[in-house]
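final.txt follows; it contains compact mmCIF, C-alpha atoms.
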```
# COMPACT_ATOMS: atom_id res chain seq x y z
CA MET K 1 -25.21 -70.96 -9.45
CA ARG K 2 -28.80 -72.05 -8.81
CA PRO K 3 -30.44 -68.84 -10.21
CA LEU K 4 -28.27 -69.11 -13.33
CA LEU K 5 -29.11 -72.79 -13.91
CA PHE K 6 -32.79 -72.05 -13.40
CA ALA K 7 -32.60 -69.17 -15.88
CA LEU K 8 -31.08 -71.42 -18.53
CA LEU K 9 -33.13 -74.57 -18.02
CA VAL K 10 -36.67 -73.18 -17.78
CA PRO K 11 -38.28 -73.19 -21.26
CA CYS K 12 -38.85 -69.82 -22.90
CA VAL K 13 -42.34 -68.56 -22.13
CA ALA K 14 -42.35 -64.87 -23.01
CA SER K 15 -45.29 -62.53 -22.96
CA ALA K 16 -45.90 -58.83 -23.40
CA ALA K 17 -45.78 -58.48 -19.62
CA ASP K 18 -42.09 -59.52 -19.71
CA VAL K 19 -41.13 -56.45 -21.76
CA SER K 20 -39.59 -53.86 -19.45
CA ALA K 21 -40.40 -50.17 -19.73
CA PHE K 22 -37.25 -48.95 -18.00
CA SER K 23 -33.84 -50.38 -17.22
CA ALA K 24 -30.71 -48.88 -15.70
CA SER K 25 -27.39 -50.54 -15.05
CA ALA K 26 -24.04 -49.62 -13.50
CA GLY K 27 -20.87 -51.53 -12.83
CA VAL K 28 -17.18 -52.00 -13.45
CA GLY K 29 -15.14 -53.33 -16.31
CA PHE K 30 -12.00 -52.95 -18.37
CA LEU K 31 -10.86 -51.29 -21.58
CA ASN K 32 -8.02 -51.75 -24.03
CA ARG K 33 -7.13 -49.27 -26.76
CA SER K 34 -4.56 -49.15 -29.54
CA PHE K 35 -3.80 -46.61 -32.27
CA THR K 36 -1.59 -47.49 -35.22
CA TRP K 37 -0.30 -45.61 -38.23
CA VAL K 38 -0.88 -47.99 -41.13
CA GLY K 39 2.14 -47.99 -43.42
CA ASP K 40 4.26 -45.91 -40.98
CA PRO K 41 3.81 -42.55 -42.75
CA SER K 42 6.61 -41.04 -40.64
CA ALA K 43 9.10 -42.31 -38.10
CA GLY K 44 7.99 -39.41 -35.89
CA PHE K 45 4.41 -40.73 -35.61
CA ILE K 46 4.63 -43.37 -32.92
CA PRO K 47 1.83 -45.88 -32.37
CA SER K 48 0.18 -45.80 -28.97
CA SER K 49 -1.61 -48.34 -26.84
CA GLN K 50 -3.42 -48.50 -23.53
CA PRO K 51 -3.06 -51.94 -21.94
CA PHE K 52 -6.02 -53.35 -20.09
CA ALA K 53 -7.21 -50.81 -17.53
CA GLY K 54 -10.19 -50.40 -15.24
CA ALA K 55 -13.40 -48.63 -16.20
CA VAL K 56 -16.89 -47.82 -14.92
CA ALA K 57 -19.99 -48.12 -17.08
CA VAL K 58 -23.60 -46.91 -16.94
CA ASP K 59 -26.53 -47.64 -19.24
CA VAL K 60 -30.15 -46.42 -19.27
CA THR K 61 -32.99 -47.43 -21.61
CA TRP K 62 -36.57 -46.15 -21.46
CA PHE K 63 -39.64 -47.12 -23.47
CA PRO K 64 -42.28 -44.57 -22.33
CA GLY K 65 -45.18 -46.24 -24.10
CA ALA K 66 -44.59 -49.52 -22.26
CA HIS K 67 -45.95 -47.91 -19.09
CA VAL K 68 -49.43 -47.75 -20.61
CA THR K 69 -49.57 -50.36 -23.38
CA GLN K 70 -48.20 -53.75 -24.32
CA GLY K 71 -48.76 -53.19 -28.03
CA ALA K 72 -46.84 -51.36 -30.73
CA GLY K 73 -46.67 -48.24 -28.58
CA SER K 74 -44.25 -50.07 -26.28
CA TRP K 75 -41.74 -50.74 -29.05
CA PHE K 76 -40.09 -47.31 -29.23
CA GLY K 77 -37.74 -45.74 -26.73
CA VAL K 78 -34.51 -43.88 -26.01
CA PHE K 79 -31.18 -44.97 -24.58
CA GLY K 80 -27.94 -43.58 -23.17
CA GLN K 81 -24.64 -45.29 -22.42
CA GLY K 82 -21.39 -44.15 -20.86
CA GLU K 83 -18.02 -45.72 -20.15
CA PHE K 84 -15.09 -44.02 -18.40
CA GLY K 85 -11.52 -45.22 -17.88
CA LEU K 86 -9.96 -45.28 -14.40
CA GLY K 87 -6.38 -44.48 -13.46
CA LEU K 88 -4.97 -44.34 -16.99
CA ALA K 89 -1.37 -43.23 -17.41
CA ALA K 90 1.52 -43.42 -19.88
CA LYS K 91 5.16 -43.80 -18.84
CA LEU K 92 7.88 -42.77 -21.26
CA ALA K 93 10.53 -45.35 -22.09
CA ASN K 94 13.96 -44.64 -20.59
CA SER K 95 12.47 -41.86 -18.46
CA ASP K 96 10.70 -41.33 -15.16
CA ALA K 97 8.06 -39.09 -16.79
CA VAL K 98 4.44 -40.20 -16.40
CA PHE K 99 1.52 -38.56 -18.22
CA ALA K 100 -2.10 -38.86 -17.12
CA GLN K 101 -4.54 -40.19 -19.72
CA SER K 102 -8.32 -40.24 -20.03
CA ALA K 103 -10.72 -42.38 -22.03
CA HIS K 104 -14.48 -42.26 -22.44
CA ARG K 105 -17.23 -43.51 -24.71
CA LEU K 106 -20.75 -42.06 -24.87
CA ARG K 107 -23.75 -43.12 -26.93
CA THR K 108 -27.31 -41.83 -27.02
CA GLY K 109 -30.26 -42.05 -29.36
CA ALA K 110 -33.52 -43.76 -30.19
CA VAL K 111 -34.15 -47.51 -30.15
CA ALA K 112 -36.96 -49.73 -31.39
CA ARG K 113 -37.66 -53.37 -30.51
CA PHE K 114 -39.83 -55.49 -32.76
CA PRO K 115 -41.06 -58.87 -31.46
CA LEU K 116 -39.99 -61.93 -33.46
CA GLY K 117 -42.17 -64.61 -31.92
CA GLU K 118 -42.19 -65.36 -28.21
CA CYS K 119 -38.46 -65.69 -27.61
CA ALA K 120 -36.71 -63.08 -29.75
CA SER K 121 -36.87 -59.45 -30.80
CA LEU K 122 -35.20 -57.29 -33.44
CA LEU K 123 -33.41 -54.17 -32.18
CA VAL K 124 -32.89 -51.08 -34.35
CA HIS K 125 -31.04 -48.03 -33.03
CA ALA K 126 -29.90 -44.64 -34.34
CA GLY K 127 -28.32 -41.66 -32.66
CA TYR K 128 -25.03 -40.03 -31.75
CA ALA K 129 -21.78 -41.48 -30.41
CA ARG K 130 -18.44 -40.13 -29.27
CA GLN K 131 -15.24 -41.77 -28.13
CA GLY K 132 -12.32 -39.87 -26.70
CA PHE K 133 -8.79 -40.61 -25.60
CA GLY K 134 -6.38 -37.94 -24.35
CA THR K 135 -2.99 -37.43 -22.73
CA SER K 136 -2.09 -34.59 -20.36
CA THR K 137 0.06 -31.82 -21.81
CA ALA K 138 2.50 -31.95 -18.88
CA ALA K 139 3.91 -34.89 -16.96
CA VAL K 140 2.24 -35.60 -13.63
CA VAL K 141 5.37 -37.39 -12.41
CA GLY K 142 8.91 -36.45 -13.42
CA ALA K 143 9.67 -34.34 -16.48
CA GLY K 144 9.67 -35.07 -20.17
CA GLN K 145 8.20 -34.18 -23.54
CA ARG K 146 4.64 -35.26 -24.21
CA PRO K 147 4.45 -38.34 -26.47
CA ARG K 148 3.87 -37.45 -30.13
CA ALA K 149 0.45 -39.07 -30.36
CA PRO K 150 -2.65 -36.93 -30.94
CA ASP K 151 -5.64 -36.83 -28.65
CA VAL K 152 -8.75 -38.08 -30.42
CA LEU K 153 -12.42 -37.29 -30.00
CA PHE K 154 -14.29 -39.28 -32.61
CA ASP K 155 -17.94 -38.31 -32.80
CA GLY K 156 -20.82 -38.37 -35.27
CA PRO K 157 -24.06 -40.16 -36.18
CA ARG K 158 -24.29 -43.87 -35.45
CA GLY K 159 -26.84 -46.58 -36.17
CA GLY K 160 -27.16 -50.33 -36.18
CA LEU K 161 -29.12 -53.54 -35.80
CA GLY K 162 -29.28 -56.24 -33.19
CA ALA K 163 -31.29 -59.08 -31.75
CA ARG K 164 -32.26 -60.18 -28.27
CA PHE K 165 -32.96 -63.82 -27.49
CA ARG K 166 -34.75 -65.18 -24.46
CA LEU K 167 -32.89 -68.37 -23.53
CA GLY K 168 -35.27 -69.60 -20.87
CA GLY K 169 -36.43 -68.40 -17.48
CA THR K 170 -34.93 -64.95 -17.00
CA ALA K 171 -31.79 -65.38 -19.15
CA GLU K 172 -31.30 -63.17 -22.22
CA LEU K 173 -28.64 -62.93 -24.89
CA ASP K 174 -28.27 -59.86 -27.10
CA VAL K 175 -26.07 -59.27 -30.13
CA ILE K 176 -25.65 -55.80 -31.67
CA ALA K 177 -23.65 -54.42 -34.61
CA GLY K 178 -23.30 -50.76 -35.56
CA ALA K 179 -21.54 -48.28 -37.82
CA GLN K 180 -20.64 -44.61 -37.40
CA LEU K 181 -19.79 -41.80 -39.77
CA VAL K 182 -17.05 -39.90 -37.93
CA THR K 183 -17.44 -36.14 -38.31
CA GLY K 184 -15.30 -34.91 -35.40
CA PHE K 185 -11.70 -35.86 -34.64
CA GLY K 186 -10.38 -33.80 -31.74
CA GLU K 187 -6.68 -32.89 -31.89
CA LEU K 188 -6.12 -35.37 -34.73
CA GLY K 189 -8.24 -33.19 -37.04
CA THR K 190 -6.51 -29.88 -36.30
CA ALA K 191 -4.05 -28.02 -38.53
CA ALA K 192 -1.18 -29.41 -36.45
CA TRP K 193 -2.05 -32.93 -37.60
CA PHE K 194 -4.53 -33.81 -40.37
CA PRO K 195 -7.28 -31.21 -40.92
CA ASN K 196 -8.67 -33.13 -43.93
CA VAL K 197 -8.86 -36.52 -42.25
CA SER K 198 -11.93 -38.70 -42.89
CA ALA K 199 -13.07 -41.81 -41.04
CA PHE K 200 -15.78 -44.33 -40.25
CA SER K 201 -16.21 -46.86 -37.44
CA THR K 202 -17.70 -50.29 -37.07
CA ASP K 203 -18.58 -51.95 -33.79
CA ALA K 204 -20.10 -55.08 -32.30
CA ALA K 205 -21.32 -56.05 -28.85
CA LEU K 206 -22.42 -59.20 -27.05
CA GLY K 207 -24.30 -59.32 -23.77
CA PHE K 208 -25.73 -61.95 -21.45
CA SER K 209 -27.98 -61.26 -18.46
CA PHE K 210 -30.07 -63.19 -15.98
CA GLY K 211 -32.34 -62.33 -13.08
CA ILE K 212 -31.20 -62.81 -9.49
CA TRP K 213 -34.08 -61.06 -7.70
CA GLU K 214 -37.29 -59.31 -8.61
CA HIS K 215 -36.36 -56.47 -11.01
CA LEU K 216 -32.63 -57.09 -10.41
CA ARG K 217 -30.36 -58.69 -13.02
CA VAL K 218 -26.67 -59.43 -13.51
CA ARG K 219 -25.27 -58.53 -16.92
CA LEU K 220 -22.00 -59.49 -18.62
CA SER K 221 -21.14 -57.65 -21.82
CA GLY K 222 -18.28 -56.96 -24.20
CA GLN K 223 -17.75 -54.47 -27.02
CA TRP K 224 -15.34 -54.10 -29.93
CA GLN K 225 -14.93 -50.98 -32.06
CA ARG K 226 -12.52 -50.14 -34.86
CA THR K 227 -12.16 -46.73 -36.50
CA PHE K 228 -10.60 -46.55 -39.96
CA LEU K 229 -8.98 -43.22 -40.88
CA THR K 230 -7.70 -41.80 -44.17
CA LEU K 231 -5.25 -39.05 -43.28
CA ASN K 232 -5.46 -36.96 -46.50
CA GLY K 233 -2.38 -34.96 -45.53
CA SER K 234 -0.26 -33.10 -48.07
CA ALA K 235 2.77 -35.24 -47.28
CA PHE K 236 0.85 -38.46 -46.57
CA ASN K 237 -1.99 -38.43 -49.05
CA GLN K 238 -4.20 -41.54 -48.72
CA GLN K 239 -2.08 -42.91 -45.88
CA GLU K 240 -4.18 -44.51 -43.17
CA ALA K 241 -4.44 -44.99 -39.45
CA ALA K 242 -6.69 -47.13 -37.27
CA GLU K 243 -7.90 -47.22 -33.70
CA GLN K 244 -9.16 -50.35 -31.97
CA TYR K 245 -11.11 -50.23 -28.72
CA LEU K 246 -12.10 -53.24 -26.61
CA SER K 247 -14.08 -53.20 -23.39
CA GLY K 248 -16.04 -55.47 -21.10
CA GLN K 249 -18.38 -54.88 -18.16
CA LEU K 250 -19.97 -56.65 -15.23
CA THR K 251 -23.00 -54.63 -14.16
CA LEU K 252 -26.10 -54.83 -12.01
CA GLN K 253 -29.27 -53.93 -13.88
CA TRP K 254 -32.60 -52.75 -12.53
CA ALA K 255 -35.43 -53.51 -14.96
CA MET K 256 -39.16 -52.89 -14.53
```
Written form, structure tokens:
Amino acid sequence: MRPLLFALLVPCVASAADVSAFSASAGVGFLNRSFTWVGDPSAGFIPSSQPFAGAVAVDVTWFPGAHVTQGAGSWFGVFGQGEFGLGLAAKLANSDAVFAQSAHRLRTGAVARFPLGECASLLVHAGYARQGFGTSTAAVVGAGQRPRAPDVLFDGPRGGLGARFRLGGTAELDVIAGAQLVTGFGELGTAAWFPNVSAFSTDAALGFSFGIWEHLRVRLSGQWQRTFLTLNGSAFNQQEAAEQYLSGQLTLQWAM
């Protein structure tokens, strides 16, 4: 507790030297996913959900210019993030059949950080994101028919804004919001389902970190994302569906 209290109580005294050029984090967390057919377009289209399950997460950010300057050249960088579900499975009701499932979320792109005084900075990011959720075609335990719920692979351009606040000592709080134009849909967008589907996503994230050793930090973070779909099917014109994805992580971060 003492490092955390120190991080919160020491007044904010930021300088250009505090701005890291590179950070990488890895850790464990959880995810929760649900997919619903808004308006129940057909009794055959069952909603699906993944209760809270384990996940691993990685995150890398690099500002190349920060290695040689503390000025405007240090404001621009690149980032990559990944999250992968662990041990996901679906069991059919009134059956012993179990189907393996997979979930992942990837984001990559460019990021800029603009100082707002000594204790805050504005974050602007743009790039590409994808989020997938799938179910095995055959049962891994028992026997049964695969649930009638399409695999999804939502991908497309994504951008957003955020802010990072230095709370004192080594503690930082960051808040980020984003939006994505979905251009890929996986199985959901095939002729077997809805080839004319359209969608967009919104997301938000909150993170808190504090230093525990030189270059080493602990980070707690959580994300929410919702994808809104218009099915545009011949039998279900303008009917809608929605996916909601929640996750949280506890990671160790190396920053220098």
Interface rows for range 59-128 of chain K against range 163-172 of chain K: nearest pair, Å to one decimal, 12 Å, only C-alpha atoms, as CSV:
```
residue,atom,partner,partner_atom,distance
K:Ala112,CA,K:Ala163,CA,10.9
K:Arg113,CA,K:Ala163,CA,8.6
K:Phe114,CA,K:Ala163,CA,9.3
K:Pro115,CA,K:Arg164,CA,9.5
K:Leu116,CA,K:Ala163,CA,9.3
K:Gly117,CA,K:Phe165,CA,10.3
K:Glu118,CA,K:Arg166,CA,8.3
K:Cys119,CA,K:Arg166,CA,4.9
K:Ala120,CA,K:Phe165,CA,4.4
K:Ser121,CA,K:Arg164,CA,5.3
K:Leu122,CA,K:Ala163,CA,4.6
K:Leu123,CA,K:Ala163,CA,5.4
K:Val124,CA,K:Ala163,CA,8.6
K:His125,CA,K:Ala163,CA,11.1
```
List the residues sitting within 9 Å of (-18.3, -57.2, -25.9) in the file's frame, using all atoms listed in the file, as a short mmCIF file (atom, residue, chain, number, x, y, z; two decimals) with C-alpha atoms, in the frame of the given file.
```
data_model
loop_
_atom_site.label_atom_id
_atom_site.label_comp_id
_atom_site.auth_asym_id
_atom_site.auth_seq_id
_atom_site.Cartn_x
_atom_site.Cartn_y
_atom_site.Cartn_z
CA ALA K 204 -20.10 -55.08 -32.30
CA ALA K 205 -21.32 -56.05 -28.85
CA LEU K 206 -22.42 -59.20 -27.05
CA GLY K 207 -24.30 -59.32 -23.77
CA LEU K 220 -22.00 -59.49 -18.62
CA SER K 221 -21.14 -57.65 -21.82
CA GLY K 222 -18.28 -56.96 -24.20
CA GLN K 223 -17.75 -54.47 -27.02
CA TRP K 224 -15.34 -54.10 -29.93
CA LEU K 246 -12.10 -53.24 -26.61
CA SER K 247 -14.08 -53.20 -23.39
CA GLY K 248 -16.04 -55.47 -21.10
CA GLN K 249 -18.38 -54.88 -18.16
#
```
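Ranking K:Phe99, K:Phe200, K:Arg107, K:Val58 by their shortest atom-to-atom distance to Phe84 in chain K, with all atoms listed in the file included, puts K:Val58 first.
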List every protein, DNA or RNA residue with an atom no more than 9 Å from (-24.5, -43.4, -21.4) in the file's coordinates, counting all atoms listed in the file, and format the result as a short mmCIF file (atom, residue, chain, number, x, y, z; two decimals) with C-alpha atoms, in the frame of the given file.
```
data_model
loop_
_atom_site.label_atom_id
_atom_site.label_comp_id
_atom_site.auth_asym_id
_atom_site.auth_seq_id
_atom_site.Cartn_x
_atom_site.Cartn_y
_atom_site.Cartn_z
CA ALA K 57 -19.99 -48.12 -17.08
CA VAL K 58 -23.60 -46.91 -16.94
CA ASP K 59 -26.53 -47.64 -19.24
CA VAL K 60 -30.15 -46.42 -19.27
CA PHE K 79 -31.18 -44.97 -24.58
CA GLY K 80 -27.94 -43.58 -23.17
CA GLN K 81 -24.64 -45.29 -22.42
CA GLY K 82 -21.39 -44.15 -20.86
CA GLU K 83 -18.02 -45.72 -20.15
CA ARG K 105 -17.23 -43.51 -24.71
CA LEU K 106 -20.75 -42.06 -24.87
CA ARG K 107 -23.75 -43.12 -26.93
CA THR K 108 -27.31 -41.83 -27.02
#
```
Distance of CA of Val182 in chain K from CA of Arg130 in chain K, expressed in Å to one decimal place: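 Atom-to-atom, CA of Arg130 in chain K and CA of Val182 in chain K are spaced 8.8 Å apart.
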CA of Gln180 in chain K and CA of Gly156 in chain K, how far apart in Å?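 These two atoms are separated by 6.6 Å.
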Compare K:Ala199, K:Leu86, K:Val19, K:Leu161 by their minimum atom-to-atom distance to Phe63 in chain K, counting all atoms listed in the file, and give me the closest one.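 Closest residue, counting all atoms listed in the file: K:Val19.
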Tell me which protein, DNA and RNA residues are within 6 Å of Gly127 in chain K, counting only C-alpha atoms, leaving out same-chain ones fewer than 6 positions away, and put them as a VMD selection string. chain K and resid 108 to 109 157 to 158
Just save range 155-256 of chain K with C-alpha atoms, as an mmCIF file, in the first residue's frame.
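Output (selection.cif):
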```
data_model
loop_
_atom_site.group_PDB
_atom_site.id
_atom_site.type_symbol
_atom_site.label_atom_id
_atom_site.label_comp_id
_atom_site.auth_asym_id
_atom_site.auth_seq_id
_atom_site.Cartn_x
_atom_site.Cartn_y
_atom_site.Cartn_z
ATOM 1 C CA ASP K 155 -13.000 -5.081 -38.329
ATOM 2 C CA GLY K 156 -12.401 -1.677 -39.886
ATOM 3 C CA PRO K 157 -10.935 1.785 -39.264
ATOM 4 C CA ARG K 158 -11.113 3.160 -35.734
ATOM 5 C CA GLY K 159 -10.236 6.476 -34.116
ATOM 6 C CA GLY K 160 -10.814 8.386 -30.928
ATOM 7 C CA LEU K 161 -9.811 10.867 -28.267
ATOM 8 C CA GLY K 162 -8.640 10.587 -24.703
ATOM 9 C CA ALA K 163 -6.842 12.283 -21.862
ATOM 10 C CA ARG K 164 -4.178 11.258 -19.385
ATOM 11 C CA PHE K 165 -3.950 12.882 -15.969
ATOM 12 C CA ARG K 166 -1.005 12.787 -13.613
ATOM 13 C CA LEU K 167 -2.506 12.457 -10.129
ATOM 14 C CA GLY K 168 0.673 12.910 -8.147
ATOM 15 C CA GLY K 169 3.924 11.035 -7.736
ATOM 16 C CA THR K 170 3.848 8.206 -10.264
ATOM 17 C CA ALA K 171 0.061 7.701 -10.459
ATOM 18 C CA GLU K 172 -1.747 8.268 -13.764
ATOM 19 C CA LEU K 173 -5.369 8.087 -14.850
ATOM 20 C CA ASP K 174 -6.360 7.820 -18.505
ATOM 21 C CA VAL K 175 -9.779 7.997 -20.135
ATOM 22 C CA ILE K 176 -10.309 7.103 -23.813
ATOM 23 C CA ALA K 177 -13.346 6.995 -26.115
ATOM 24 C CA GLY K 178 -13.417 5.705 -29.680
ATOM 25 C CA ALA K 179 -15.609 4.834 -32.647
ATOM 26 C CA GLN K 180 -15.223 2.336 -35.481
ATOM 27 C CA LEU K 181 -16.740 1.979 -38.919
ATOM 28 C CA VAL K 182 -17.228 -1.780 -39.277
ATOM 29 C CA THR K 183 -16.361 -3.002 -42.773
ATOM 30 C CA GLY K 184 -15.871 -6.732 -42.116
ATOM 31 C CA PHE K 185 -18.292 -9.086 -40.388
ATOM 32 C CA GLY K 186 -17.023 -12.658 -40.587
ATOM 33 C CA GLU K 187 -19.683 -15.367 -40.894
ATOM 34 C CA LEU K 188 -22.427 -12.859 -40.027
ATOM 35 C CA GLY K 189 -21.812 -11.057 -43.332
ATOM 36 C CA THR K 190 -21.932 -14.121 -45.583
ATOM 37 C CA ALA K 191 -24.766 -15.184 -47.891
ATOM 38 C CA ALA K 192 -25.914 -17.684 -45.257
ATOM 39 C CA TRP K 193 -26.739 -14.821 -42.901
ATOM 40 C CA PHE K 194 -26.810 -11.118 -43.831
ATOM 41 C CA PRO K 195 -24.528 -10.180 -46.761
ATOM 42 C CA ASN K 196 -25.795 -6.563 -46.751
ATOM 43 C CA VAL K 197 -25.332 -5.936 -43.040
ATOM 44 C CA SER K 198 -23.909 -2.577 -41.915
ATOM 45 C CA ALA K 199 -22.562 -1.576 -38.512
ATOM 46 C CA PHE K 200 -20.590 0.832 -36.365
ATOM 47 C CA SER K 201 -19.058 0.518 -32.893
ATOM 48 C CA THR K 202 -18.449 2.813 -29.970
ATOM 49 C CA ASP K 203 -16.091 2.108 -27.097
ATOM 50 C CA ALA K 204 -14.704 3.590 -23.905
ATOM 51 C CA ALA K 205 -11.839 2.687 -21.592
ATOM 52 C CA LEU K 206 -10.573 3.718 -18.173
ATOM 53 C CA GLY K 207 -7.132 2.967 -16.783
ATOM 54 C CA PHE K 208 -5.175 3.648 -13.615
ATOM 55 C CA SER K 209 -1.466 2.947 -13.118
ATOM 56 C CA PHE K 210 1.232 3.652 -10.572
ATOM 57 C CA GLY K 211 4.933 2.943 -10.271
ATOM 58 C CA ILE K 212 6.224 0.207 -7.965
ATOM 59 C CA TRP K 213 9.877 0.176 -9.059
ATOM 60 C CA GLU K 214 12.091 2.016 -11.494
ATOM 61 C CA HIS K 215 10.506 1.613 -14.956
ATOM 62 C CA LEU K 216 7.952 -0.889 -13.571
ATOM 63 C CA ARG K 217 4.280 -0.026 -13.098
ATOM 64 C CA VAL K 218 1.046 -1.768 -12.135
ATOM 65 C CA ARG K 219 -1.945 -0.981 -14.342
ATOM 66 C CA LEU K 220 -5.659 -1.611 -13.829
ATOM 67 C CA SER K 221 -7.911 -1.029 -16.818
ATOM 68 C CA GLY K 222 -11.395 -1.722 -18.127
ATOM 69 C CA GLN K 223 -13.021 -1.455 -21.559
ATOM 70 C CA TRP K 224 -16.562 -1.389 -22.905
ATOM 71 C CA GLN K 225 -17.532 -1.748 -26.558
ATOM 72 C CA ARG K 226 -20.908 -1.966 -28.268
ATOM 73 C CA THR K 227 -21.470 -2.737 -31.945
ATOM 74 C CA PHE K 228 -24.762 -1.688 -33.528
ATOM 75 C CA LEU K 229 -25.834 -3.679 -36.600
ATOM 76 C CA THR K 230 -28.540 -3.121 -39.213
ATOM 77 C CA LEU K 231 -29.225 -6.494 -40.800
ATOM 78 C CA ASN K 232 -30.635 -5.326 -44.179
ATOM 79 C CA GLY K 233 -31.902 -8.807 -44.987
ATOM 80 C CA SER K 234 -34.680 -9.458 -47.487
ATOM 81 C CA ALA K 235 -36.915 -10.930 -44.801
ATOM 82 C CA PHE K 236 -35.734 -8.675 -41.971
ATOM 83 C CA ASN K 237 -35.151 -5.324 -43.605
ATOM 84 C CA GLN K 238 -33.962 -2.703 -41.091
ATOM 85 C CA GLN K 239 -34.069 -5.188 -38.228
ATOM 86 C CA GLU K 240 -31.140 -4.780 -35.860
ATOM 87 C CA ALA K 241 -28.719 -6.682 -33.703
ATOM 88 C CA ALA K 242 -26.136 -5.605 -31.146
ATOM 89 C CA GLU K 243 -23.008 -6.983 -29.546
ATOM 90 C CA GLN K 244 -21.658 -5.817 -26.197
ATOM 91 C CA TYR K 245 -18.143 -6.618 -25.042
ATOM 92 C CA LEU K 246 -16.736 -5.912 -21.573
ATOM 93 C CA SER K 247 -13.226 -6.634 -20.369
ATOM 94 C CA GLY K 248 -10.808 -5.752 -17.602
ATOM 95 C CA GLN K 249 -7.093 -6.314 -17.053
ATOM 96 C CA LEU K 250 -4.446 -6.293 -14.363
ATOM 97 C CA THR K 251 -1.074 -5.904 -16.049
ATOM 98 C CA LEU K 252 2.558 -5.139 -15.312
ATOM 99 C CA GLN K 253 3.953 -2.354 -17.465
ATOM 100 C CA TRP K 254 7.548 -1.563 -18.339
ATOM 101 C CA ALA K 255 7.981 2.107 -19.271
ATOM 102 C CA MET K 256 11.170 3.966 -20.154
#
```
